[in-house]
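Q: Below is the file structure.cif, with mmCIF, C-alpha atoms and all ligand atoms.
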data_start
loop_
_atom_site.label_atom_id
_atom_site.label_comp_id
_atom_site.auth_asym_id
_atom_site.auth_seq_id
_atom_site.Cartn_x
_atom_site.Cartn_y
_atom_site.Cartn_z
CA MET A 1 2.85 -0.69 -28.25
CA SER A 2 -0.50 0.93 -27.62
CA THR A 3 -4.03 0.81 -28.99
CA THR A 4 -6.76 3.40 -28.64
CA GLN A 5 -10.28 2.82 -27.34
CA GLY A 6 -12.05 6.08 -28.17
CA SER A 7 -9.96 8.75 -26.43
CA LEU A 8 -8.41 6.15 -24.09
CA SER A 9 -4.95 4.84 -24.90
CA VAL A 10 -4.18 1.27 -23.79
CA GLU A 11 -0.56 0.11 -23.68
CA THR A 12 0.10 -3.57 -24.38
CA ASP A 13 2.79 -5.72 -22.72
CA ALA A 14 3.43 -2.89 -20.24
CA LEU A 15 5.86 -2.71 -17.33
CA ILE A 16 4.23 -2.82 -13.88
CA PRO A 17 6.56 -0.76 -11.70
CA THR A 18 6.69 -2.00 -8.10
CA TRP A 19 8.96 -1.31 -5.15
CA PHE A 20 10.18 -4.93 -5.20
CA HIS A 21 11.48 -4.32 -8.76
CA VAL A 22 10.58 -7.88 -9.78
CA GLY A 23 7.68 -9.55 -11.54
CA GLY A 24 6.03 -9.73 -14.92
CA ARG A 25 4.22 -7.32 -17.17
CA ALA A 26 0.62 -6.35 -17.81
CA ASP A 27 -1.06 -7.60 -20.97
CA ARG A 28 -2.83 -4.22 -21.06
CA LEU A 29 -2.33 -1.03 -19.04
CA ALA A 30 -4.36 2.17 -19.19
CA ARG A 31 -3.88 5.59 -17.60
CA PRO A 32 -7.33 7.20 -17.67
CA ARG A 33 -7.24 10.98 -17.57
CA ASN A 34 -10.66 11.48 -15.99
CA THR A 35 -13.69 9.64 -14.61
CA GLU A 36 -15.17 9.15 -18.09
CA GLU A 37 -12.05 7.33 -19.26
CA LEU A 38 -11.98 5.31 -16.04
CA THR A 39 -15.59 4.30 -16.69
CA ARG A 40 -14.52 3.28 -20.21
CA CYS A 41 -11.81 1.07 -18.62
CA LEU A 42 -14.50 -0.60 -16.51
CA GLU A 43 -16.53 -1.29 -19.63
CA LEU A 44 -13.48 -2.92 -21.22
CA ASP A 45 -12.76 -5.03 -18.12
CA PRO A 46 -15.02 -4.83 -15.04
CA GLU A 47 -12.46 -6.96 -13.14
CA LEU A 48 -9.60 -4.55 -13.86
CA ARG A 49 -6.82 -4.13 -11.28
CA ILE A 50 -5.71 -0.77 -9.93
CA LEU A 51 -2.01 -0.06 -9.61
CA GLY A 52 -0.96 2.56 -7.07
CA GLU A 53 2.71 3.17 -6.25
CA GLY A 54 3.25 -0.61 -6.25
CA ALA A 55 4.64 -0.24 -2.73
CA ASN A 56 2.58 -3.09 -1.28
CA LEU A 57 2.49 -5.25 -4.35
CA LEU A 58 4.20 -8.36 -5.70
CA VAL A 59 3.48 -9.27 -9.32
CA ASP A 60 4.10 -12.89 -10.32
CA ASP A 61 6.79 -13.48 -12.95
CA ALA A 62 4.16 -14.51 -15.51
CA GLY A 63 2.61 -11.05 -15.31
CA VAL A 64 -1.13 -10.42 -15.38
CA GLY A 65 -3.90 -10.73 -17.91
CA GLY A 66 -6.84 -8.36 -18.05
CA LEU A 67 -6.51 -4.62 -17.72
CA VAL A 68 -4.28 -2.82 -15.21
CA VAL A 69 -5.16 0.81 -14.53
CA SER A 70 -2.94 3.53 -13.11
CA LEU A 71 -4.58 6.67 -11.70
CA GLN A 72 -1.29 8.56 -11.52
CA THR A 73 -2.51 11.04 -14.13
CA ASP A 74 -3.37 14.74 -13.83
CA GLY A 75 -7.12 14.00 -13.66
CA PHE A 76 -6.64 12.05 -10.43
CA ARG A 77 -3.81 14.09 -8.93
CA SER A 78 -5.60 17.28 -7.93
CA THR A 79 -5.36 18.62 -4.38
CA GLU A 80 -7.42 21.25 -2.56
CA PHE A 81 -6.54 22.76 0.82
CA ASP A 82 -9.21 24.49 2.86
CA PRO A 83 -8.07 26.83 5.69
CA SER A 84 -10.46 24.94 8.00
CA GLY A 85 -8.19 21.90 7.61
CA VAL A 86 -10.24 20.00 5.04
CA VAL A 87 -7.96 18.54 2.34
CA ARG A 88 -9.23 16.87 -0.85
CA ALA A 89 -6.83 14.70 -2.83
CA GLY A 90 -7.27 12.58 -5.92
CA ALA A 91 -6.50 8.86 -5.66
CA GLY A 92 -3.31 9.26 -7.73
CA VAL A 93 -1.74 11.86 -5.43
CA ALA A 94 1.48 10.62 -3.82
CA LEU A 95 1.12 10.47 -0.03
CA PRO A 96 4.67 11.75 0.72
CA ARG A 97 4.06 14.79 -1.50
CA LEU A 98 0.73 15.50 0.16
CA ILE A 99 2.35 15.22 3.59
CA ASN A 100 4.96 17.83 2.61
CA GLN A 101 2.30 20.20 1.27
CA CYS A 102 0.27 19.85 4.47
CA VAL A 103 3.30 20.36 6.71
CA LYS A 104 4.18 23.58 4.84
CA ARG A 105 0.63 24.83 5.42
CA GLY A 106 0.64 23.81 9.08
CA LEU A 107 -2.10 21.21 8.58
CA SER A 108 -1.48 18.48 11.10
CA GLY A 109 -2.63 14.85 11.11
CA ILE A 110 -0.84 13.00 8.31
CA GLU A 111 2.77 13.91 9.07
CA SER A 112 2.80 10.78 11.25
CA LEU A 113 2.60 8.75 8.00
CA ALA A 114 5.94 10.12 6.79
CA GLY A 115 8.10 7.53 5.05
CA ILE A 116 5.19 5.46 3.70
CA PRO A 117 5.30 5.27 -0.12
CA ALA A 118 1.72 5.23 -1.46
CA THR A 119 -0.85 6.85 -3.63
CA MET A 120 -3.84 8.20 -1.71
CA GLY A 121 -5.98 5.41 -3.24
CA GLY A 122 -3.57 2.70 -2.09
CA ALA A 123 -3.19 4.30 1.35
CA ALA A 124 -6.98 4.40 1.81
CA ILE A 125 -7.52 0.79 0.68
CA MET A 126 -4.76 -0.49 2.97
CA ASN A 127 -5.44 2.00 5.81
CA ALA A 128 -1.73 2.74 5.75
CA GLY A 129 -0.15 3.53 9.07
CA GLY A 130 2.34 2.48 11.68
CA ALA A 131 3.69 3.22 15.10
CA PHE A 132 2.45 6.84 15.01
CA GLY A 133 -1.05 6.49 13.56
CA GLU A 134 -3.21 5.39 10.64
CA LEU A 135 -4.69 7.26 7.69
CA SER A 136 -8.23 6.38 8.82
CA SER A 137 -7.95 8.68 11.84
CA VAL A 138 -8.03 11.73 9.53
CA VAL A 139 -10.34 10.47 6.75
CA ARG A 140 -13.66 12.34 6.41
CA SER A 141 -14.85 10.51 3.32
CA VAL A 142 -13.71 8.48 0.33
CA SER A 143 -15.07 8.76 -3.23
CA ALA A 144 -15.10 5.64 -5.35
CA LEU A 145 -16.56 3.95 -8.40
CA ASP A 146 -18.10 0.53 -8.18
CA ARG A 147 -17.47 -2.03 -10.91
CA ALA A 148 -20.58 -0.89 -12.78
CA GLY A 149 -19.10 2.63 -12.97
CA ARG A 150 -21.47 4.17 -10.38
CA GLU A 151 -20.05 6.92 -8.17
CA HIS A 152 -20.27 6.64 -4.37
CA THR A 153 -19.05 8.66 -1.41
CA TYR A 154 -18.55 6.92 1.92
CA THR A 155 -17.99 8.56 5.28
CA ARG A 156 -15.33 7.20 7.60
CA SER A 157 -17.83 5.31 9.76
CA GLN A 158 -19.34 3.62 6.67
CA ILE A 159 -15.92 2.39 5.58
CA ASP A 160 -15.26 0.50 8.82
CA PHE A 161 -11.48 0.83 8.65
CA GLY A 162 -9.43 -1.70 10.60
CA TYR A 163 -5.80 -2.66 10.99
CA ARG A 164 -4.42 -2.57 7.39
CA ARG A 165 -7.88 -3.05 5.93
CA SER A 166 -10.94 -1.18 4.75
CA ARG A 167 -14.28 -2.08 3.31
CA LEU A 168 -13.24 -0.47 0.02
CA ASN A 169 -11.62 -3.52 -1.49
CA HIS A 170 -13.89 -4.11 -4.48
CA LEU A 171 -14.18 -0.43 -5.32
CA ILE A 172 -11.99 1.92 -7.27
CA VAL A 173 -11.02 4.78 -5.02
CA THR A 174 -11.00 8.06 -6.96
CA GLY A 175 -10.45 10.58 -4.16
CA VAL A 176 -10.06 11.06 -0.42
CA GLU A 177 -11.20 13.90 1.83
CA LEU A 178 -9.24 14.45 5.04
CA GLN A 179 -9.92 16.54 8.11
CA LEU A 180 -6.61 17.92 9.38
CA GLU A 181 -5.87 20.28 12.25
CA PRO A 182 -4.60 23.81 11.42
CA THR A 183 -1.57 24.40 13.62
CA ASP A 184 2.01 25.70 13.59
CA PRO A 185 4.02 24.39 10.58
CA GLU A 186 7.05 24.02 12.85
CA HIS A 187 5.10 21.62 15.04
CA CYS A 188 4.17 19.54 11.96
CA ARG A 189 7.76 19.54 10.73
CA ALA A 190 9.11 18.38 14.08
CA GLU A 191 6.59 15.51 14.12
CA LEU A 192 7.49 14.53 10.54
CA GLU A 193 11.18 14.47 11.43
CA ARG A 194 10.50 12.37 14.53
CA CYS A 195 8.71 9.78 12.33
CA MET A 196 11.45 9.77 9.71
CA VAL A 197 14.17 9.27 12.34
CA TYR A 198 12.21 6.29 13.69
CA LYS A 199 11.61 4.82 10.22
CA THR A 200 15.14 5.22 8.92
CA GLY A 201 16.49 3.69 12.14
CA THR A 202 14.21 0.63 12.07
CA GLN A 203 13.41 -0.13 8.42
CA PRO A 204 15.56 -0.85 5.33
CA LEU A 205 14.07 2.05 3.36
CA LYS A 206 16.78 2.02 0.68
CA ASP A 207 16.34 -1.66 -0.23
CA LYS A 208 13.89 -3.09 -2.77
CA SER A 209 10.98 -4.20 -0.62
CA ALA A 210 7.24 -3.72 -0.20
CA GLY A 211 7.29 -2.81 3.46
CA CYS A 212 5.92 -5.38 5.92
CA VAL A 213 5.16 -8.70 4.25
CA PHE A 214 2.86 -9.98 7.02
CA LYS A 215 0.30 -8.32 9.27
CA ASN A 216 1.09 -8.27 12.96
CA PRO A 217 -0.94 -11.21 14.32
CA THR A 218 -3.27 -11.27 17.30
CA LEU A 219 -2.30 -14.16 19.57
CA ALA A 220 -4.93 -16.87 20.00
CA GLU A 221 -3.30 -18.06 23.25
CA ASP A 222 -0.68 -16.96 25.78
CA LEU A 223 2.87 -17.44 24.49
CA THR A 224 5.69 -17.33 27.02
CA ASP A 225 8.00 -14.34 26.44
CA ILE A 226 5.88 -13.29 23.44
CA GLY A 227 2.51 -12.05 24.66
CA ALA A 228 -0.90 -12.80 26.10
CA ALA A 229 -3.94 -14.18 24.27
CA GLY A 230 -5.72 -11.38 22.40
CA GLN A 231 -2.56 -9.25 22.15
CA ARG A 232 -1.33 -8.01 18.75
CA VAL A 233 2.39 -8.75 18.47
CA SER A 234 5.03 -7.84 15.94
CA ALA A 235 5.32 -10.29 13.03
CA GLY A 236 8.92 -9.08 12.60
CA MET A 237 9.73 -10.06 16.17
CA LEU A 238 8.25 -13.56 15.64
CA ILE A 239 10.23 -14.03 12.41
CA ASP A 240 13.42 -12.81 14.09
CA ARG A 241 12.94 -15.06 17.15
CA ALA A 242 12.25 -18.02 14.86
CA GLY A 243 15.65 -17.47 13.25
CA GLY A 244 14.17 -16.03 10.07
CA LYS A 245 16.75 -13.28 9.56
CA SER A 246 19.13 -15.76 7.97
CA MET A 247 16.57 -16.98 5.45
CA ARG A 248 17.00 -16.50 1.72
CA VAL A 249 15.58 -17.94 -1.50
CA GLY A 250 17.51 -17.06 -4.66
CA GLY A 251 17.78 -13.26 -4.79
CA ALA A 252 15.19 -12.62 -2.06
CA SER A 253 16.11 -12.49 1.62
CA VAL A 254 14.74 -11.46 4.98
CA SER A 255 16.13 -8.04 5.87
CA ASP A 256 18.58 -8.03 8.74
CA VAL A 257 17.30 -4.55 9.67
CA HIS A 258 13.61 -5.53 10.03
CA ALA A 259 12.62 -9.21 9.74
CA ASN A 260 9.16 -8.43 8.33
CA PHE A 261 10.74 -6.70 5.31
CA PHE A 262 11.86 -9.05 2.53
CA VAL A 263 14.37 -7.49 0.17
CA CYS A 264 15.33 -8.25 -3.42
CA ASP A 265 18.79 -8.36 -4.99
CA ALA A 266 19.24 -7.32 -8.62
CA ASP A 267 18.89 -10.95 -9.77
CA ALA A 268 15.75 -11.76 -7.74
CA CYS A 269 12.50 -12.87 -9.33
CA ALA A 270 8.97 -12.87 -7.97
CA ARG A 271 9.06 -16.67 -7.47
CA ASP A 272 11.96 -16.19 -5.00
CA VAL A 273 9.83 -13.82 -2.93
CA ILE A 274 6.76 -16.08 -3.09
CA ASP A 275 8.79 -19.10 -1.95
CA LEU A 276 10.47 -17.09 0.80
CA ILE A 277 7.07 -15.96 2.07
CA ALA A 278 5.91 -19.60 2.25
CA ARG A 279 9.08 -20.74 4.04
CA VAL A 280 9.07 -17.94 6.61
CA ARG A 281 5.38 -18.49 7.28
CA ARG A 282 6.08 -22.20 7.86
CA ARG A 283 9.01 -21.42 10.17
CA VAL A 284 6.88 -19.14 12.38
CA LEU A 285 4.02 -21.66 12.41
CA ASP A 286 6.36 -24.51 13.40
CA THR A 287 8.13 -22.41 16.05
CA PHE A 288 5.22 -20.58 17.69
CA GLY A 289 2.03 -22.12 16.28
CA VAL A 290 1.14 -18.68 14.88
CA SER A 291 -0.23 -18.48 11.34
CA LEU A 292 0.88 -15.23 9.72
CA GLU A 293 -1.47 -13.45 7.32
CA ARG A 294 0.06 -11.72 4.32
CA GLU A 295 -0.15 -7.92 4.22
CA ILE A 296 1.29 -7.49 0.75
CA VAL A 297 -0.96 -8.03 -2.25
CA VAL A 298 0.13 -10.65 -4.80
CA TRP A 299 -1.06 -10.43 -8.40
CA GLU A 300 -1.06 -13.66 -10.38
CA ARG A 301 -2.10 -14.19 -13.98
CA ASP A 302 -5.03 -16.41 -13.03
CA ARG A 303 -5.83 -14.29 -9.90
C1 LIG B 401 9.89 1.06 2.12
C2 LIG B 401 8.44 0.82 2.43
C3 LIG B 401 7.94 1.16 3.67
C4 LIG B 401 6.57 0.94 3.97
N1 LIG B 401 6.10 1.29 5.20
C5 LIG B 401 4.78 1.15 5.46
C6 LIG B 401 4.24 1.56 6.71
O1 LIG B 401 4.94 2.05 7.59
N2 LIG B 401 2.90 1.41 6.92
C7 LIG B 401 2.08 0.88 5.95
O2 LIG B 401 0.85 0.78 6.18
N3 LIG B 401 2.58 0.47 4.76
C8 LIG B 401 3.89 0.59 4.50
N4 LIG B 401 4.39 0.17 3.30
C9 LIG B 401 3.48 -0.46 2.33
C10 LIG B 401 2.81 0.54 1.36
O3 LIG B 401 3.50 1.75 1.40
C11 LIG B 401 1.34 0.76 1.73
O4 LIG B 401 0.61 -0.44 1.82
C12 LIG B 401 0.63 1.68 0.74
O5 LIG B 401 -0.66 1.98 1.24
C13 LIG B 401 0.50 1.05 -0.66
O6 LIG B 401 -0.06 2.02 -1.52
P1 LIG B 401 0.18 1.93 -3.10
O7 LIG B 401 -0.43 3.13 -3.73
O8 LIG B 401 1.60 1.66 -3.38
O9 LIG B 401 -0.69 0.64 -3.46
P2 LIG B 401 -0.23 -0.59 -4.39
O10 LIG B 401 0.88 -1.30 -3.73
O11 LIG B 401 -0.02 -0.15 -5.77
O12 LIG B 401 -1.56 -1.48 -4.31
C14 LIG B 401 -1.91 -2.12 -3.09
C15 LIG B 401 -3.38 -2.57 -3.21
O13 LIG B 401 -4.21 -1.42 -3.24
C16 LIG B 401 -5.02 -1.44 -4.42
N5 LIG B 401 -5.20 -0.07 -4.86
C17 LIG B 401 -4.27 0.88 -5.05
N6 LIG B 401 -4.85 2.05 -5.43
C18 LIG B 401 -6.18 1.81 -5.49
C19 LIG B 401 -7.32 2.61 -5.82
N7 LIG B 401 -7.21 3.88 -6.20
N8 LIG B 401 -8.53 2.00 -5.77
C20 LIG B 401 -8.67 0.72 -5.43
N9 LIG B 401 -7.64 -0.09 -5.11
C21 LIG B 401 -6.40 0.45 -5.14
C22 LIG B 401 -4.24 -2.29 -5.42
O14 LIG B 401 -5.10 -2.81 -6.42
C23 LIG B 401 -3.67 -3.35 -4.51
O15 LIG B 401 -4.63 -4.33 -4.23
C24 LIG B 401 5.72 0.38 2.98
C25 LIG B 401 6.25 0.03 1.73
C26 LIG B 401 7.59 0.25 1.45
C27 LIG B 401 8.11 -0.11 0.08
#
Just dump the structure as structure tokens.

A:
Amino acid sequence: MSTTQGSLSVETDALIPTWFHVGGRADRLARPRNTEELTRCLELDPELRILGEGANLLVDDAGVGGLVVSLQTDGFRSTEFDPSGVVRAGAGVALPRLINQCVKRGLSGIESLAGIPATMGGAAIMNAGGAFGELSSVVRSVSALDRAGREHTYTRSQIDFGYRRSRLNHLIVTGVELQLEPTDPEHCRAELERCMVYKTGTQPLKDKSAGCVFKNPTLAEDLTDIGAAGQRVSAGMLIDRAGGKSMRVGGASVSDVHANFFVCDADACARDVIDLIARVRRRVLDTFGVSLEREIVVWERDR
């Protein structure tokens, strides 16, 4: 069912599609077609939540109250390609699609993010990246609205990107400007294929997951056979070495391809994933004394 707020249509009891394929629904969901409608959403609920591709998101089984907003609409999916290598993309543009368009044009810099499902808004907020680079290395600026509906543009240095984080968290990203390098399309394609070969060989891309559940931790002290104090080590390696690959709760289990990916069977529910996260975290803490920090975002009804 849907109601209208001026020109804005708001769906009630709406599905929240995520890559885990579990979790509850949104009391209200809107798909604003432009900045004016997005501003209207903020008037309705200044604490609204933005849904991207749902590729880094777990929604609790009870669903969420308040307003959920998707920017995967034409008004936020425009792209512009400048021959100088400047690319402008709306927050709702799908990263894999943008990568393909850039590769075809011989614009190099984001092909190293191949295989990461995301909208440009979600990729900017999370500073998506991996073994071959991070989005932040090619960001020139990010446009966003604050919760009062004011427009801002931040340069890369103002955003202070870090490992899977940005200073954009309380904002609503509306667009991203990238500086890519004009080069030979064949070179871009070869790099994209190299990344995809790596990803398909090391990650369970066909399973229902949200990518890495935990951030790779920085060790507080030397750990024999693991790493030295101050070193960032793989959370997947810690989980694997702690025996985590055999762990399962209900329909959720640790992937046997990559221990930092938790995967859902058809009968899984969000509670299974939440409990599995707690158990795996405990196992790594008990085994190595390392406290893992969650990378995935969890939405709960009471926040
Ligand atoms: C198979 C698979 C492989 C993956 N591999 C990688 C990888 O290699 N590297 C990596 O970094 N990640 C990886 N991920 C995780 C995921 O792809 C990234 O975190 C991605 O950036 C999430 O973007 P999204 O649009 O899906 O955001 P969502 O999951 O929808 O949202 C994540 C957070 O961003 C916020 N958000 C989204 N859009 C906006 C916006 N416009 N403004 C403000 N806030 C917003 C949401 O509110 C939420 O808090 C993988 C996931 C899967 C399923």

Q: Report as a ChimeraX atom specification which protein, DNA and RNA residues come within 8 Å of ligand LIG 401 (chain B), using all atoms listed in the file.

A: /A:18-20,49-57,71,91-92,94,113,115-131,134,144,164,168-175,199,203-212,295-298

Q: For the residues selected in the previous step, produce a file with C-alpha atoms as a PDB file, in the coordinates of the input.

A:
ATOM      1  CA  THR A  18       6.690  -2.000  -8.100  1.00  0.00           C
ATOM      2  CA  TRP A  19       8.960  -1.310  -5.150  1.00  0.00           C
ATOM      3  CA  PHE A  20      10.180  -4.930  -5.200  1.00  0.00           C
ATOM      4  CA  ARG A  49      -6.820  -4.130 -11.280  1.00  0.00           C
ATOM      5  CA  ILE A  50      -5.710  -0.770  -9.930  1.00  0.00           C
ATOM      6  CA  LEU A  51      -2.010  -0.060  -9.610  1.00  0.00           C
ATOM      7  CA  GLY A  52      -0.960   2.560  -7.070  1.00  0.00           C
ATOM      8  CA  GLU A  53       2.710   3.170  -6.250  1.00  0.00           C
ATOM      9  CA  GLY A  54       3.250  -0.610  -6.250  1.00  0.00           C
ATOM     10  CA  ALA A  55       4.640  -0.240  -2.730  1.00  0.00           C
ATOM     11  CA  ASN A  56       2.580  -3.090  -1.280  1.00  0.00           C
ATOM     12  CA  LEU A  57       2.490  -5.250  -4.350  1.00  0.00           C
ATOM     13  CA  LEU A  71      -4.580   6.670 -11.700  1.00  0.00           C
ATOM     14  CA  ALA A  91      -6.500   8.860  -5.660  1.00  0.00           C
ATOM     15  CA  GLY A  92      -3.310   9.260  -7.730  1.00  0.00           C
ATOM     16  CA  ALA A  94       1.480  10.620  -3.820  1.00  0.00           C
ATOM     17  CA  LEU A 113       2.600   8.750   8.000  1.00  0.00           C
ATOM     18  CA  GLY A 115       8.100   7.530   5.050  1.00  0.00           C
ATOM     19  CA  ILE A 116       5.190   5.460   3.700  1.00  0.00           C
ATOM     20  CA  PRO A 117       5.300   5.270  -0.120  1.00  0.00           C
ATOM     21  CA  ALA A 118       1.720   5.230  -1.460  1.00  0.00           C
ATOM     22  CA  THR A 119      -0.850   6.850  -3.630  1.00  0.00           C
ATOM     23  CA  MET A 120      -3.840   8.200  -1.710  1.00  0.00           C
ATOM     24  CA  GLY A 121      -5.980   5.410  -3.240  1.00  0.00           C
ATOM     25  CA  GLY A 122      -3.570   2.700  -2.090  1.00  0.00           C
ATOM     26  CA  ALA A 123      -3.190   4.300   1.350  1.00  0.00           C
ATOM     27  CA  ALA A 124      -6.980   4.400   1.810  1.00  0.00           C
ATOM     28  CA  ILE A 125      -7.520   0.790   0.680  1.00  0.00           C
ATOM     29  CA  MET A 126      -4.760  -0.490   2.970  1.00  0.00           C
ATOM     30  CA  ASN A 127      -5.440   2.000   5.810  1.00  0.00           C
ATOM     31  CA  ALA A 128      -1.730   2.740   5.750  1.00  0.00           C
ATOM     32  CA  GLY A 129      -0.150   3.530   9.070  1.00  0.00           C
ATOM     33  CA  GLY A 130       2.340   2.480  11.680  1.00  0.00           C
ATOM     34  CA  ALA A 131       3.690   3.220  15.100  1.00  0.00           C
ATOM     35  CA  GLU A 134      -3.210   5.390  10.640  1.00  0.00           C
ATOM     36  CA  ALA A 144     -15.100   5.640  -5.350  1.00  0.00           C
ATOM     37  CA  ARG A 164      -4.420  -2.570   7.390  1.00  0.00           C
ATOM     38  CA  LEU A 168     -13.240  -0.470   0.020  1.00  0.00           C
ATOM     39  CA  ASN A 169     -11.620  -3.520  -1.490  1.00  0.00           C
ATOM     40  CA  HIS A 170     -13.890  -4.110  -4.480  1.00  0.00           C
ATOM     41  CA  LEU A 171     -14.180  -0.430  -5.320  1.00  0.00           C
ATOM     42  CA  ILE A 172     -11.990   1.920  -7.270  1.00  0.00           C
ATOM     43  CA  VAL A 173     -11.020   4.780  -5.020  1.00  0.00           C
ATOM     44  CA  THR A 174     -11.000   8.060  -6.960  1.00  0.00           C
ATOM     45  CA  GLY A 175     -10.450  10.580  -4.160  1.00  0.00           C
ATOM     46  CA  LYS A 199      11.610   4.820  10.220  1.00  0.00           C
ATOM     47  CA  GLN A 203      13.410  -0.130   8.420  1.00  0.00           C
ATOM     48  CA  PRO A 204      15.560  -0.850   5.330  1.00  0.00           C
ATOM     49  CA  LEU A 205      14.070   2.050   3.360  1.00  0.00           C
ATOM     50  CA  LYS A 206      16.780   2.020   0.680  1.00  0.00           C
ATOM     51  CA  ASP A 207      16.340  -1.660  -0.230  1.00  0.00           C
ATOM     52  CA  LYS A 208      13.890  -3.090  -2.770  1.00  0.00           C
ATOM     53  CA  SER A 209      10.980  -4.200  -0.620  1.00  0.00           C
ATOM     54  CA  ALA A 210       7.240  -3.720  -0.200  1.00  0.00           C
ATOM     55  CA  GLY A 211       7.290  -2.810   3.460  1.00  0.00           C
ATOM     56  CA  CYS A 212       5.920  -5.380   5.920  1.00  0.00           C
ATOM     57  CA  GLU A 295      -0.150  -7.920   4.220  1.00  0.00           C
ATOM     58  CA  ILE A 296       1.290  -7.490   0.750  1.00  0.00           C
ATOM     59  CA  VAL A 297      -0.960  -8.030  -2.250  1.00  0.00           C
ATOM     60  CA  VAL A 298       0.130 -10.650  -4.800  1.00  0.00           C
TER      61      VAL A 298
END

Q: To one decimal place in Å, what is the distance between CA of Val254 (chain A) and CA of Gly23 (chain A)?

A: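 Going from CA of Val254 (chain A) over to CA of Gly23 (chain A) covers 18.1 Å.
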
Q: Can you measure CA of Ser78 (chain A) to CA of Gly90 (chain A) for me? One decimal in Å is fine.

A: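 CA of Gly90 (chain A) lies 5.4 Å from CA of Ser78 (chain A).
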
Q: Compare A:Leu42, A:Val69, A:Leu276, A:Val139 by their minimum atom-to-atom distance to Leu29 (chain A), counting only C-alpha atoms, and give me the closest one.

A: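 For Leu29 (chain A), the nearest of the given residues is A:Val69.
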
Q: Give as a PyMOL selection string the set of residues within 10 Å of the point (2.4, -8.5, -20.5), where distances use the file's coordinates and only C-alpha atoms.

A: chain A and resi 11-16+24-29+62-66+301

Q: Which is closer to Ala114 (chain A) than all the others in A:Pro32, A:Gly133, A:Gly85, A:Pro96, using all atoms listed in the file?

A: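 Closest residue, counting all atoms listed in the file: A:Pro96.
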
Q: Rank nothing, just name the residue among A:Gly244, A:Gly236, A:Gly149, A:Gly289 nearest to Asn216 (chain A), using all atoms listed in the file.

A: A:Gly236

Q: Considering all atoms listed in the file, can you say which of A:Arg97, A:Ser70, A:Cys195, A:Glu300 comes closest to Cys41 (chain A)?

A: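 Of the candidates, the smallest distance to Cys41 (chain A) is held by A:Ser70.
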
Q: Record the distance separating CA of Leu292 (chain A) and CA of Pro217 (chain A), expressed in Å with one decimal.

A: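 It comes out at 6.4 Å.
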